[in-house]
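J.: Mind looking over this structure? Questions follow.
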Amino acid sequence: MIKQIAQFEKGEDVVRVGLSEFRKRQYIEVRAYYMADDGEWKPTRKGITLTPELMKEVHTALGTALEELANEETSDNEETSGE
């Protein structure tokens, strides 16, 4: 059983973040779901399931990536405005 934490639209699909347990270990799952012919959301193979410890590392890496993008956008805006 997966406890859903959040859901985001991605085109016709949705991406869900959830908590699960397997063999008495906790996991965090981020997975794409599609609408099946029967009207229910079904999971795809597009996703990742990680331990909380590893997900913390991914979280840090995503933060770094977002900072890089923000810095690039700031740099691009300064170049186009003539600064």
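The way I read the labels, and the way they are meant: chains A, B, ... in the order of the structure tokens, residue 1 as the first residue of every chain, and ligand 1 as the first ligand shown, with later ones counted on from there.
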Considering only C-alpha atoms, return as a compact mmCIF listing (two decimals) with N, CA and C atoms, in the first residue's frame whatever protein or nucleic-acid residues lie within 7 Å of range 44-57 of chain A, sequence-local ones (same chain, fewer than 5 positions apart) excluded.
T.:
# COMPACT_ATOMS: atom_id res chain seq x y z
N GLN A 26 11.09 1.43 4.95
CA GLN A 26 10.34 2.55 4.40
C GLN A 26 10.98 3.03 3.09
N TYR A 27 10.13 3.43 2.13
CA TYR A 27 10.61 3.94 0.85
C TYR A 27 9.79 5.14 0.44
N ILE A 28 10.41 5.97 -0.39
CA ILE A 28 9.73 7.11 -1.02
C ILE A 28 9.68 6.81 -2.51
N GLU A 29 8.50 6.96 -3.08
CA GLU A 29 8.31 6.65 -4.49
C GLU A 29 7.85 7.89 -5.25
N VAL A 30 8.43 8.11 -6.42
CA VAL A 30 7.98 9.15 -7.35
C VAL A 30 7.71 8.41 -8.65
N ARG A 31 6.45 8.41 -9.09
CA ARG A 31 6.09 7.59 -10.24
C ARG A 31 5.03 8.27 -11.10
N ALA A 32 5.12 8.05 -12.41
CA ALA A 32 4.10 8.52 -13.35
C ALA A 32 2.96 7.51 -13.39
N TYR A 33 1.75 8.03 -13.49
CA TYR A 33 0.54 7.20 -13.60
C TYR A 33 -0.23 7.63 -14.85
N TYR A 34 -0.92 6.68 -15.47
CA TYR A 34 -1.74 6.97 -16.64
C TYR A 34 -3.18 6.56 -16.36
J.: Suppose you want the space between CA of Asp37 in chain A and CA of Phe8 in chain A; what is it in Å?
T.: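 Atom-to-atom, CA of Asp37 in chain A to CA of Phe8 in chain A, that is 20.6 Å.
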J.: For the helix (DSSP H, G or I) assignment from backbone DSSP, which residues of chain A qualify? Please present them as a ChimeraX atom specification.
T.: /A:52-80
J.: Kindly export the residues of the current selection with C-alpha atoms, as a CSV table (one decimal), in the first residue's frame.
T.:
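Okay, this is what ended up in result38.csv:
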chain,number,residue,atom,x,y,z
A,52,PRO,CA,14.7,8.0,2.7
A,53,GLU,CA,18.4,8.3,3.1
A,54,LEU,CA,19.1,8.1,-0.6
A,55,MET,CA,16.1,10.4,-1.3
A,56,LYS,CA,17.8,13.1,0.9
A,57,GLU,CA,20.8,12.9,-1.4
A,58,VAL,CA,18.6,13.3,-4.5
A,59,HIS,CA,16.8,16.2,-2.8
A,60,THR,CA,20.1,17.9,-2.2
A,61,ALA,CA,21.2,17.3,-5.8
A,62,LEU,CA,17.8,18.7,-7.1
A,63,GLY,CA,18.3,21.8,-5.0
A,64,THR,CA,21.7,22.3,-6.5
A,65,ALA,CA,20.4,21.8,-10.0
A,66,LEU,CA,17.6,24.4,-9.4
A,67,GLU,CA,20.2,26.9,-8.1
A,68,GLU,CA,22.3,26.3,-11.2
A,69,LEU,CA,19.3,27.0,-13.4
A,70,ALA,CA,18.4,30.1,-11.5
A,71,ASN,CA,22.0,31.4,-11.8
A,72,GLU,CA,21.9,30.7,-15.6
A,73,GLU,CA,18.6,32.6,-15.9
A,74,THR,CA,20.0,35.5,-14.0
A,75,SER,CA,23.1,35.5,-16.1
A,76,ASP,CA,21.1,35.3,-19.3
A,77,ASN,CA,18.8,38.2,-18.2
A,78,GLU,CA,21.9,40.3,-17.4
A,79,GLU,CA,23.3,39.6,-20.9
A,80,THR,CA,20.1,40.5,-22.7
J.: From a DSSP pass on the backbone, collect the residues of chain A flagged as strand (DSSP E) and hand them back as a PyMOL selection string.
T.: chain A and resi 3-10+13-22+25-35+41-50
